[in-house]
Amino acid sequence: MKLSKRTAIVVMLVLYTALFASAAAFAAEEIKVGALFPLTGPAAVSGQNCVNSVLAAADVINTKNPDIKAPLAAGEGLVGGKYVIKIVPADHQGKPDVAKSEAERLYNQEKVFAVIGCYNSSATKPASAVAERAKKIFLCGCSSSAALTERGYKYFFRHAPTDAIESVEFVDYIAYLNKEKNAGIKTLGVIYENTEFGKHAADEARKAAKRADLEIVADVPFNNGATNLNSEVQKLKSANPDAVFGAALGGDYSLWVRTMKQVNWLPKIAINYCTGYQNPAVQKELGSDGNFFMGGMGYSPELAKKFMPEAIKIQDKYYTPRSKQPFDSDSIQEAVMLMVLAQAIEKAGGPDTEKVAKIIQTDEFPSVMSLSGRVKFSSDGQNAEALSVITQLHEQKYQTVFPLKYKDSEPTLPMTPWDKR
């Protein structure tokens with residue numbers, strides 16, 4: 001029986017409609033996750049690296065990656081493909097008040113399921129308070145202020161070692177150098193940005209120094225985003241401490257190093273807390289001026305080649321094409337937190353906040369991008385498996401010098417003076 005032309009068109013439209021409806025029925029549902037970082041301001045480069053890292057982790061989750069041996073990498077999306085992760089970037093500009101308002105916007109207007117952020121501890125504090133009041137999940141990769149996990153929060157989780165953990169490691173290293181290398185380090189200077197991060201880092205440095213019988217001879221705060229650190233560095237030079245602990249981010253770190261060169265002074269050893277020092281872009285900018293400085297970190301390409309091979313695969317496939325550089329210790333920790341969230345959603349069977357939060361609170365998660373290889377949160381939301389090493393820069397390569405388990409190089413000690421390089 002022949003169909004009329006009109007009838008044939010109607011049948012075709014019905015078929016197309018049915019096919020479209022069928023495809024729509026199987027389309028994956030988006031789970032929105034906010035990525036709240038400083039995309040403008042003095043830490044903008046680091047903030048963009050963090051966003052790119054989270055996007056790289058989303059690619060691992062949302063697409064099939066049989067070549068990567070990591071949780072959720074072999075599949076496509078979550079819960080049998082029912083869900084995919086959608087990253088919603090936001091800029092807090094390094095300002096606590098903006099971080100608070102942007103967190104409110106992400107949760108209330110963008111309807112994100114969770115937020116990952118914020119790099120700056122001073123921004124993480126108010127943004128995570130917004131999440132806690134709303135009973136929403138907040139995941140922190142690298143903000144290191146110990147106070148963040150001392151608030152009794154239920155929905156806040158942090159991956160990175162705290163300033164307290166790093167301070168103990170720093171003085172342990174100095175004790176090792178004094179004993180094994182006859183370093184003669186007896187006095188300490190502390191230079192730190194006048195923010196949540198810097199103040200708490202300085203507090204922990206003082207506590208650790210007291211336990212280790214190190215005399216603090218210089219205590220120097222500065223305003224982040226400064227354009228001049230001459231007076232602050234002159235205070236360090238006048239006190240002439242054997243060692244300096246620095247809490248400086250991004251551009252502030254570069255300015256601190258350059259100013260020490262201008263005044264032609266160096267301590268025997270200079271160690272920076274987490275950020276700043278770890279950013280390959282900052283080190284490329286400093287060039288040979290960055291040589292012999294030290295810092296705490298949980299990732300470097302050199303370290304990863306030996307202990308974290310799957311992280312290198314993720315870096316090369318999804319991160320470096322975006323950032324044009326390898327992961328740094330800050331950015332990769334933000335990716336870890338998205339992978340933890342995704343594993344919890346997978347186990348919960350979907351984006352149920354209470355179920356997912358409970359799983360994050362209680363489960364242990366395998367993590368190919370963590371130095372320890374796993375993540376497990378204590379009751380305060382701090383990752384109990386957080387690890388870091390101390391590295392020293394030699395021609396933009398991060399050489400691991402402590403702890404001994406991870407050591408691959410002998411340190412240059414004392415630091416080579418500026419006029420002898």
# chains A, B, ... in the order shown; residues from 1 in each chain; ligands from 1

call {"tool": "residues_around", "arguments": {"residues": "segment 333-340 of chain A", "least_positions_apart": "6", "cutoff": "10 Å", "atoms": "only C-alpha atoms", "output": "tab-separated table (two decimals) with N, CA and C atoms, in the first residue's frame"}}
result
chain	number	residue	atom	x	y	z
A	33	VAL	N	29.76	21.36	39.43
A	33	VAL	CA	30.73	21.53	40.51
A	33	VAL	C	31.43	22.87	40.29
A	35	ALA	N	34.29	25.68	40.64
A	35	ALA	CA	35.76	25.75	40.79
A	35	ALA	C	36.08	27.20	41.11
A	49	ASN	N	45.75	27.61	36.95
A	49	ASN	CA	46.28	26.24	36.98
A	49	ASN	C	45.35	25.32	37.75
A	50	CYS	N	44.81	25.80	38.86
A	50	CYS	CA	43.89	24.99	39.66
A	50	CYS	C	42.62	24.66	38.88
A	51	VAL	N	42.08	25.64	38.18
A	51	VAL	CA	40.88	25.38	37.36
A	51	VAL	C	41.20	24.36	36.28
A	52	ASN	N	42.33	24.52	35.62
A	52	ASN	CA	42.70	23.57	34.56
A	52	ASN	C	42.90	22.16	35.11
A	53	SER	N	43.38	22.08	36.33
A	53	SER	CA	43.56	20.78	36.97
A	53	SER	C	42.22	20.10	37.23
A	54	VAL	N	41.26	20.88	37.72
A	54	VAL	CA	39.91	20.34	37.96
A	54	VAL	C	39.27	19.91	36.64
A	55	LEU	N	39.46	20.71	35.60
A	55	LEU	CA	38.93	20.34	34.27
A	55	LEU	C	39.57	19.05	33.77
A	56	ALA	N	40.86	18.87	34.04
A	56	ALA	CA	41.55	17.64	33.63
A	56	ALA	C	40.95	16.43	34.35
A	57	ALA	N	40.67	16.58	35.64
A	57	ALA	CA	40.06	15.48	36.40
A	57	ALA	C	38.67	15.17	35.87
A	58	ALA	N	37.92	16.20	35.48
A	58	ALA	CA	36.59	15.98	34.91
A	58	ALA	C	36.68	15.20	33.61
A	60	VAL	N	38.96	12.96	32.90
A	60	VAL	CA	39.22	11.56	33.28
A	60	VAL	C	37.92	10.86	33.65
A	61	ILE	N	37.05	11.57	34.36
A	61	ILE	CA	35.78	11.00	34.83
A	61	ILE	C	34.77	10.84	33.69
A	70	ALA	N	43.25	4.48	36.99
A	70	ALA	CA	42.77	5.32	38.09
A	70	ALA	C	41.28	5.06	38.28
A	71	PRO	N	40.77	5.26	39.49
A	71	PRO	CA	39.34	5.08	39.72
A	71	PRO	C	38.51	5.90	38.74
A	72	LEU	N	37.50	5.27	38.15
A	72	LEU	CA	36.53	5.89	37.24
A	72	LEU	C	37.08	6.23	35.86
A	73	ALA	N	38.36	5.98	35.62
A	73	ALA	CA	38.95	6.37	34.34
A	73	ALA	C	38.49	5.49	33.19
A	85	ILE	N	30.21	15.15	35.00
A	85	ILE	CA	30.61	16.32	35.79
A	85	ILE	C	30.71	17.54	34.90
A	87	ILE	N	32.02	21.45	35.15
A	87	ILE	CA	32.77	22.39	35.98
A	87	ILE	C	32.30	23.82	35.70
A	114	ALA	N	28.57	20.95	44.59
A	114	ALA	CA	29.70	21.16	45.50
A	114	ALA	C	30.60	22.23	44.91
A	115	VAL	N	31.49	22.74	45.76
A	115	VAL	CA	32.49	23.72	45.31
A	115	VAL	C	33.87	23.18	45.67
A	116	ILE	N	34.82	23.36	44.76
A	116	ILE	CA	36.23	23.07	45.01
A	116	ILE	C	36.98	24.39	45.02
A	117	GLY	N	37.81	24.63	46.03
A	117	GLY	CA	38.57	25.87	46.11
A	117	GLY	C	39.30	25.98	47.44
A	118	CYS	N	39.91	27.12	47.71
A	118	CYS	CA	39.94	28.35	46.90
A	118	CYS	C	41.38	28.81	46.65
A	119	TYR	N	42.37	27.93	46.88
A	119	TYR	CA	43.79	28.26	46.81
A	119	TYR	C	44.19	29.13	48.00
A	138	PHE	N	31.99	21.27	50.48
A	138	PHE	CA	33.08	22.14	50.05
A	138	PHE	C	34.37	21.33	50.12
A	139	LEU	N	35.10	21.28	49.02
A	139	LEU	CA	36.32	20.48	48.90
A	139	LEU	C	37.51	21.39	48.67
A	140	CYS	N	38.51	21.26	49.51
A	140	CYS	CA	39.68	22.13	49.46
A	140	CYS	C	40.91	21.31	49.13
A	141	GLY	N	41.57	21.66	48.04
A	141	GLY	CA	42.77	20.92	47.68
A	141	GLY	C	44.00	21.36	48.42
A	142	CYS	N	44.36	22.66	48.30
A	142	CYS	CA	45.69	23.07	48.74
A	142	CYS	C	45.74	24.17	49.79
A	143	SER	N	44.64	24.80	50.16
A	143	SER	CA	44.71	25.84	51.20
A	143	SER	C	45.22	25.21	52.49
A	157	PHE	N	36.20	19.47	53.56
A	157	PHE	CA	37.24	18.44	53.47
A	157	PHE	C	38.47	19.04	52.78
A	158	ARG	N	39.65	18.76	53.34
A	158	ARG	CA	40.89	19.33	52.82
A	158	ARG	C	41.93	18.23	52.57
A	159	HIS	N	42.57	18.28	51.40
A	159	HIS	CA	43.56	17.26	51.02
A	159	HIS	C	44.97	17.58	51.50
A	160	ALA	N	45.40	18.83	51.44
A	160	ALA	CA	46.80	19.20	51.61
A	160	ALA	C	47.28	19.06	53.05
A	298	GLY	N	53.84	18.30	47.43
A	298	GLY	CA	53.37	16.92	47.34
A	298	GLY	C	53.46	16.36	45.95
A	299	TYR	N	53.96	17.17	45.01
A	299	TYR	CA	54.07	16.70	43.62
A	299	TYR	C	55.15	17.49	42.91
A	327	PHE	N	51.73	19.65	36.04
A	327	PHE	CA	51.07	19.90	37.31
A	327	PHE	C	52.06	20.53	38.29
A	346	GLU	N	29.64	8.12	42.91
A	346	GLU	CA	29.48	6.80	42.30
A	346	GLU	C	28.97	5.80	43.34
A	359	ILE	N	29.89	9.36	52.93
A	359	ILE	CA	30.89	8.50	52.30
A	359	ILE	C	32.27	9.16	52.35
A	360	ILE	N	32.33	10.47	52.05
A	360	ILE	CA	33.61	11.18	52.11
A	360	ILE	C	34.16	11.15	53.54
A	363	ASP	N	34.96	6.82	54.22
A	363	ASP	CA	35.67	5.89	53.34
A	363	ASP	C	37.13	6.29	53.11
A	364	GLU	N	37.90	5.32	52.65
A	364	GLU	CA	39.25	5.59	52.15
A	364	GLU	C	39.20	5.51	50.64
A	365	PHE	N	39.88	6.46	49.97
A	365	PHE	CA	39.81	6.55	48.52
A	365	PHE	C	41.19	6.34	47.90
A	366	PRO	N	41.30	5.42	46.94
A	366	PRO	CA	42.56	5.32	46.20
A	366	PRO	C	42.77	6.59	45.39
A	367	SER	N	44.02	7.04	45.30
A	367	SER	CA	44.31	8.30	44.61
A	367	SER	C	45.67	8.24	43.93
A	368	VAL	N	45.66	8.14	42.62
A	368	VAL	CA	46.93	8.05	41.88
A	368	VAL	C	47.62	9.40	41.78
A	369	MET	N	46.94	10.47	42.16
A	369	MET	CA	47.53	11.81	42.12
A	369	MET	C	47.94	12.31	43.50
A	370	SER	N	47.90	11.44	44.50
A	370	SER	CA	48.37	11.77	45.84
A	370	SER	C	49.66	11.00	46.11
A	374	ARG	N	46.56	7.39	48.54
A	374	ARG	CA	45.20	7.24	49.08
A	374	ARG	C	44.81	8.52	49.82
A	375	VAL	N	43.51	8.65	50.06
A	375	VAL	CA	42.95	9.78	50.80
A	375	VAL	C	42.00	9.23	51.85
A	376	LYS	N	42.15	9.68	53.08
A	376	LYS	CA	41.26	9.28	54.18
A	376	LYS	C	41.13	10.46	55.12

call {"tool": "select_by_dssp", "arguments": {"residues": "segment 119-264 of chain A", "states": "alpha helix (DSSP H)", "output": "VMD selection string"}}
result
chain A and resid 121 to 134 163 to 180 196 to 211 230 to 239 250 to 262

call {"tool": "closest_residue", "arguments": {"among": "A:Gly246, A:Pro326, A:Pro280, A:Gly81", "to": "Gly295 of chain A", "atoms": "only C-alpha atoms"}}
result
A:Gly246

call {"tool": "residues_around", "arguments": {"residues": "segment 271-273 of chain A", "least_positions_apart": "4", "cutoff": "8 Å", "atoms": "only C-alpha atoms", "output": "list of chain:residue names"}}
result
A:Asp163, A:Glu166, A:Phe170, A:Ala201, A:Ala243, A:Val244, A:Phe245, A:Gly246, A:Ala247, A:Ala248, A:Tyr277, A:Phe293, A:Met294, A:Gly295, A:Gly296

call {"tool": "closest_residue", "arguments": {"among": "A:Asp172, A:Asp97, A:Ala146, A:Ala384", "to": "Asp203 of chain A", "atoms": "only C-alpha atoms"}}
result
A:Ala146

call {"tool": "residues_around", "arguments": {"residues": "segment 313-316 of chain A", "least_positions_apart": "2", "cutoff": "7 Å", "atoms": "only C-alpha atoms", "output": "PyMOL selection string"}}
result
chain A and resi 68+309-311+318-320+326-327

call {"tool": "write_last_selection", "arguments": {"atoms": "all heavy atoms", "output": "short mmCIF file (atom, residue, chain, number, x, y, z; two decimals), in the first residue's frame"}}
result
data_model
loop_
_atom_site.label_atom_id
_atom_site.label_comp_id
_atom_site.auth_asym_id
_atom_site.auth_seq_id
_atom_site.Cartn_x
_atom_site.Cartn_y
_atom_site.Cartn_z
N ILE A 68 44.63 4.77 31.46
CA ILE A 68 44.92 5.36 32.77
C ILE A 68 44.36 4.46 33.86
O ILE A 68 43.15 4.21 33.92
CB ILE A 68 44.33 6.77 32.90
CG1 ILE A 68 44.94 7.71 31.85
CG2 ILE A 68 44.53 7.33 34.30
CD1 ILE A 68 44.31 9.09 31.79
N PRO A 309 53.21 7.35 38.56
CA PRO A 309 53.25 7.28 37.10
C PRO A 309 51.91 7.58 36.43
O PRO A 309 51.89 8.15 35.33
CB PRO A 309 53.69 5.84 36.82
CG PRO A 309 53.35 5.08 38.06
CD PRO A 309 53.55 6.04 39.18
N GLU A 310 50.79 7.22 37.06
CA GLU A 310 49.48 7.48 36.43
C GLU A 310 49.17 8.97 36.42
O GLU A 310 48.47 9.46 35.52
CB GLU A 310 48.37 6.70 37.15
CG GLU A 310 48.55 5.18 37.11
CD GLU A 310 48.74 4.64 35.71
OE1 GLU A 310 47.93 4.97 34.82
OE2 GLU A 310 49.72 3.88 35.49
N ALA A 311 49.68 9.69 37.42
CA ALA A 311 49.49 11.14 37.44
C ALA A 311 50.16 11.79 36.24
O ALA A 311 49.65 12.76 35.66
CB ALA A 311 50.04 11.72 38.74
N TYR A 318 45.67 15.56 29.67
CA TYR A 318 44.58 16.51 29.90
C TYR A 318 45.00 17.84 30.51
O TYR A 318 44.30 18.85 30.33
CB TYR A 318 43.52 15.87 30.80
CG TYR A 318 42.75 14.76 30.14
CD1 TYR A 318 42.72 13.48 30.70
CD2 TYR A 318 42.04 14.97 28.96
CE1 TYR A 318 42.01 12.45 30.10
CE2 TYR A 318 41.33 13.94 28.35
CZ TYR A 318 41.31 12.69 28.93
OH TYR A 318 40.61 11.66 28.33
N TYR A 319 46.10 17.88 31.25
CA TYR A 319 46.44 19.12 31.95
C TYR A 319 47.40 20.00 31.16
O TYR A 319 47.13 21.18 30.91
CB TYR A 319 47.04 18.81 33.33
CG TYR A 319 47.44 20.05 34.09
CD1 TYR A 319 46.47 20.85 34.70
CD2 TYR A 319 48.77 20.45 34.19
CE1 TYR A 319 46.82 22.00 35.39
CE2 TYR A 319 49.14 21.59 34.88
CZ TYR A 319 48.16 22.36 35.48
OH TYR A 319 48.51 23.51 36.16
N THR A 320 48.52 19.43 30.74
CA THR A 320 49.53 20.22 30.03
C THR A 320 49.00 20.87 28.75
O THR A 320 49.36 22.01 28.45
CB THR A 320 50.78 19.36 29.73
OG1 THR A 320 51.33 18.92 30.99
CG2 THR A 320 51.83 20.16 28.99
N PRO A 326 53.65 21.39 33.43
CA PRO A 326 53.23 20.22 34.21
C PRO A 326 52.39 20.64 35.42
O PRO A 326 52.33 21.82 35.78
CB PRO A 326 54.56 19.60 34.65
CG PRO A 326 55.52 20.72 34.65
CD PRO A 326 55.11 21.63 33.54
N PHE A 327 51.73 19.65 36.04
CA PHE A 327 51.07 19.90 37.31
C PHE A 327 52.06 20.53 38.29
O PHE A 327 53.26 20.27 38.24
CB PHE A 327 50.61 18.58 37.96
CG PHE A 327 49.32 18.02 37.44
CD1 PHE A 327 49.26 16.68 37.04
CD2 PHE A 327 48.17 18.78 37.39
CE1 PHE A 327 48.07 16.12 36.59
CE2 PHE A 327 46.97 18.23 36.94
CZ PHE A 327 46.92 16.90 36.54
#

call {"tool": "closest_residue", "arguments": {"among": "A:Lys284, A:Arg105, A:Lys86, A:Lys407", "to": "Glu395 of chain A", "atoms": "only C-alpha atoms"}}
result
A:Lys284

call {"tool": "residues_around", "arguments": {"residues": "segment 179-187 of chain A", "least_positions_apart": "5", "cutoff": "6 Å", "atoms": "only C-alpha atoms", "output": "PyMOL selection string"}}
result
chain A and resi 214-216+241-242

call {"tool": "atom_distance", "arguments": {"atom1": "atom CA of Glu232 of chain A", "atom2": "atom CA of Lys199 of chain A"}}
result
15.5 Å

call {"tool": "atom_distance", "arguments": {"atom1": "atom CA of Leu229 of chain A", "atom2": "atom CA of Pro38 of chain A"}}
result
22.1 Å

call {"tool": "residues_around", "arguments": {"residues": "Thr400 of chain A", "least_positions_apart": "3", "cutoff": "10 Å", "atoms": "only C-alpha atoms", "output": "NGL selection string"}}
result
:A and (294-297 or 300 or 302-303 or 389-393 or 397 or 403-411)

call {"tool": "closest_residue", "arguments": {"among": "A:Asn291, A:Ser46, A:Ser323, A:Ser101", "to": "Leu249 of chain A", "atoms": "only C-alpha atoms"}}
result
A:Ser46

call {"tool": "residues_around", "arguments": {"residues": "Ala134 of chain A", "least_positions_apart": "2", "cutoff": "10 Å", "atoms": "only C-alpha atoms", "output": "MDAnalysis selection string"}}
result
chainID A and resid 104 107:108 128:132 136:137 155

call {"tool": "write_last_selection", "arguments": {"atoms": "C-alpha atoms", "output": "PDB file, in the first residue's frame"}}
result
ATOM      1  CA  GLU A 104      26.701  32.110  47.495  1.00  0.00           C
ATOM      2  CA  TYR A 107      25.301  27.388  45.345  1.00  0.00           C
ATOM      3  CA  ASN A 108      22.148  29.524  45.019  1.00  0.00           C
ATOM      4  CA  SER A 128      33.453  27.251  53.060  1.00  0.00           C
ATOM      5  CA  ALA A 129      31.446  28.961  55.817  1.00  0.00           C
ATOM      6  CA  VAL A 130      28.777  29.653  53.169  1.00  0.00           C
ATOM      7  CA  ALA A 131      28.763  25.956  52.282  1.00  0.00           C
ATOM      8  CA  GLU A 132      28.511  24.842  55.890  1.00  0.00           C
ATOM      9  CA  LYS A 136      26.607  21.866  51.002  1.00  0.00           C
ATOM     10  CA  ILE A 137      29.886  20.083  50.274  1.00  0.00           C
ATOM     11  CA  TYR A 155      30.822  19.441  54.988  1.00  0.00           C
TER      12      TYR A 155
END

call {"tool": "atom_distance", "arguments": {"atom1": "atom CA of Lys82 of chain A", "atom2": "atom CA of Lys111 of chain A"}}
result
18.5 Å

call {"tool": "closest_residue", "arguments": {"among": "A:Ala147, A:Val233, A:Ala90, A:Ile312", "to": "Asp380 of chain A", "atoms": "only C-alpha atoms"}}
result
A:Ala147

call {"tool": "closest_residue", "arguments": {"among": "A:Val79, A:Ala386, A:Ile269, A:Val88", "to": "Gly373 of chain A", "atoms": "only C-alpha atoms"}}
result
A:Ala386

call {"tool": "decode", "arguments": {"residues": "segment 37-48 of chain A", "atoms": "all heavy atoms", "output": "PDB file, in the first residue's frame"}}
result
ATOM      1  N   PHE A  37      38.436  30.000  42.355  1.00  0.00           N
ATOM      2  CA  PHE A  37      39.860  30.272  42.492  1.00  0.00           C
ATOM      3  C   PHE A  37      40.177  31.714  42.092  1.00  0.00           C
ATOM      4  O   PHE A  37      39.340  32.382  41.471  1.00  0.00           O
ATOM      5  CB  PHE A  37      40.663  29.304  41.620  1.00  0.00           C
ATOM      6  CG  PHE A  37      40.569  27.875  42.068  1.00  0.00           C
ATOM      7  CD1 PHE A  37      39.733  26.974  41.411  1.00  0.00           C
ATOM      8  CD2 PHE A  37      41.288  27.437  43.165  1.00  0.00           C
ATOM      9  CE1 PHE A  37      39.622  25.653  41.835  1.00  0.00           C
ATOM     10  CE2 PHE A  37      41.195  26.127  43.606  1.00  0.00           C
ATOM     11  CZ  PHE A  37      40.368  25.237  42.941  1.00  0.00           C
ATOM     12  N   PRO A  38      41.399  32.206  42.405  1.00  0.00           N
ATOM     13  CA  PRO A  38      41.780  33.565  42.002  1.00  0.00           C
ATOM     14  C   PRO A  38      42.187  33.599  40.533  1.00  0.00           C
ATOM     15  O   PRO A  38      43.318  33.251  40.184  1.00  0.00           O
ATOM     16  CB  PRO A  38      42.972  33.873  42.914  1.00  0.00           C
ATOM     17  CG  PRO A  38      43.597  32.531  43.172  1.00  0.00           C
ATOM     18  CD  PRO A  38      42.447  31.561  43.222  1.00  0.00           C
ATOM     19  N   LEU A  39      41.278  34.002  39.677  1.00  0.00           N
ATOM     20  CA  LEU A  39      41.566  34.035  38.242  1.00  0.00           C
ATOM     21  C   LEU A  39      42.070  35.397  37.794  1.00  0.00           C
ATOM     22  O   LEU A  39      42.498  35.570  36.643  1.00  0.00           O
ATOM     23  CB  LEU A  39      40.311  33.634  37.458  1.00  0.00           C
ATOM     24  CG  LEU A  39      39.724  32.261  37.852  1.00  0.00           C
ATOM     25  CD1 LEU A  39      38.508  31.929  36.995  1.00  0.00           C
ATOM     26  CD2 LEU A  39      40.769  31.166  37.763  1.00  0.00           C
ATOM     27  N   THR A  40      41.985  36.367  38.681  1.00  0.00           N
ATOM     28  CA  THR A  40      42.614  37.673  38.482  1.00  0.00           C
ATOM     29  C   THR A  40      43.322  38.026  39.788  1.00  0.00           C
ATOM     30  O   THR A  40      43.067  37.415  40.825  1.00  0.00           O
ATOM     31  CB  THR A  40      41.585  38.764  38.135  1.00  0.00           C
ATOM     32  OG1 THR A  40      40.560  38.792  39.148  1.00  0.00           O
ATOM     33  CG2 THR A  40      40.934  38.502  36.790  1.00  0.00           C
ATOM     34  N   GLY A  41      44.226  39.018  39.739  1.00  0.00           N
ATOM     35  CA  GLY A  41      44.949  39.390  40.948  1.00  0.00           C
ATOM     36  C   GLY A  41      46.327  38.759  41.001  1.00  0.00           C
ATOM     37  O   GLY A  41      46.760  38.081  40.049  1.00  0.00           O
ATOM     38  N   PRO A  42      47.048  38.907  42.117  1.00  0.00           N
ATOM     39  CA  PRO A  42      48.447  38.464  42.190  1.00  0.00           C
ATOM     40  C   PRO A  42      48.654  36.962  42.080  1.00  0.00           C
ATOM     41  O   PRO A  42      49.746  36.509  41.751  1.00  0.00           O
ATOM     42  CB  PRO A  42      48.914  38.975  43.564  1.00  0.00           C
ATOM     43  CG  PRO A  42      47.665  39.247  44.332  1.00  0.00           C
ATOM     44  CD  PRO A  42      46.641  39.636  43.332  1.00  0.00           C
ATOM     45  N   ALA A  43      47.613  36.171  42.375  1.00  0.00           N
ATOM     46  CA  ALA A  43      47.758  34.708  42.303  1.00  0.00           C
ATOM     47  C   ALA A  43      46.986  34.121  41.118  1.00  0.00           C
ATOM     48  O   ALA A  43      46.635  32.937  41.112  1.00  0.00           O
ATOM     49  CB  ALA A  43      47.283  34.061  43.608  1.00  0.00           C
ATOM     50  N   ALA A  44      46.747  34.949  40.105  1.00  0.00           N
ATOM     51  CA  ALA A  44      45.905  34.524  38.982  1.00  0.00           C
ATOM     52  C   ALA A  44      46.465  33.325  38.223  1.00  0.00           C
ATOM     53  O   ALA A  44      45.704  32.442  37.808  1.00  0.00           O
ATOM     54  CB  ALA A  44      45.697  35.697  38.017  1.00  0.00           C
ATOM     55  N   VAL A  45      47.772  33.270  38.041  1.00  0.00           N
ATOM     56  CA  VAL A  45      48.370  32.142  37.309  1.00  0.00           C
ATOM     57  C   VAL A  45      48.111  30.841  38.054  1.00  0.00           C
ATOM     58  O   VAL A  45      47.692  29.834  37.468  1.00  0.00           O
ATOM     59  CB  VAL A  45      49.880  32.362  37.091  1.00  0.00           C
ATOM     60  CG1 VAL A  45      50.518  31.116  36.481  1.00  0.00           C
ATOM     61  CG2 VAL A  45      50.123  33.565  36.182  1.00  0.00           C
ATOM     62  N   SER A  46      48.332  30.865  39.354  1.00  0.00           N
ATOM     63  CA  SER A  46      48.085  29.667  40.157  1.00  0.00           C
ATOM     64  C   SER A  46      46.608  29.305  40.158  1.00  0.00           C
ATOM     65  O   SER A  46      46.251  28.119  40.097  1.00  0.00           O
ATOM     66  CB  SER A  46      48.570  29.891  41.593  1.00  0.00           C
ATOM     67  OG  SER A  46      49.970  30.048  41.629  1.00  0.00           O
ATOM     68  N   GLY A  47      45.751  30.305  40.224  1.00  0.00           N
ATOM     69  CA  GLY A  47      44.313  30.038  40.209  1.00  0.00           C
ATOM     70  C   GLY A  47      43.861  29.388  38.920  1.00  0.00           C
ATOM     71  O   GLY A  47      43.058  28.447  38.924  1.00  0.00           O
ATOM     72  N   GLN A  48      44.382  29.863  37.790  1.00  0.00           N
ATOM     73  CA  GLN A  48      44.024  29.261  36.511  1.00  0.00           C
ATOM     74  C   GLN A  48      44.551  27.841  36.407  1.00  0.00           C
ATOM     75  O   GLN A  48      43.888  26.961  35.855  1.00  0.00           O
ATOM     76  CB  GLN A  48      44.566  30.110  35.351  1.00  0.00           C
ATOM     77  CG  GLN A  48      44.061  29.682  33.983  1.00  0.00           C
ATOM     78  CD  GLN A  48      42.548  29.755  33.875  1.00  0.00           C
ATOM     79  OE1 GLN A  48      41.963  30.824  34.025  1.00  0.00           O
ATOM     80  NE2 GLN A  48      41.900  28.625  33.615  1.00  0.00           N
TER      81      GLN A  48
END
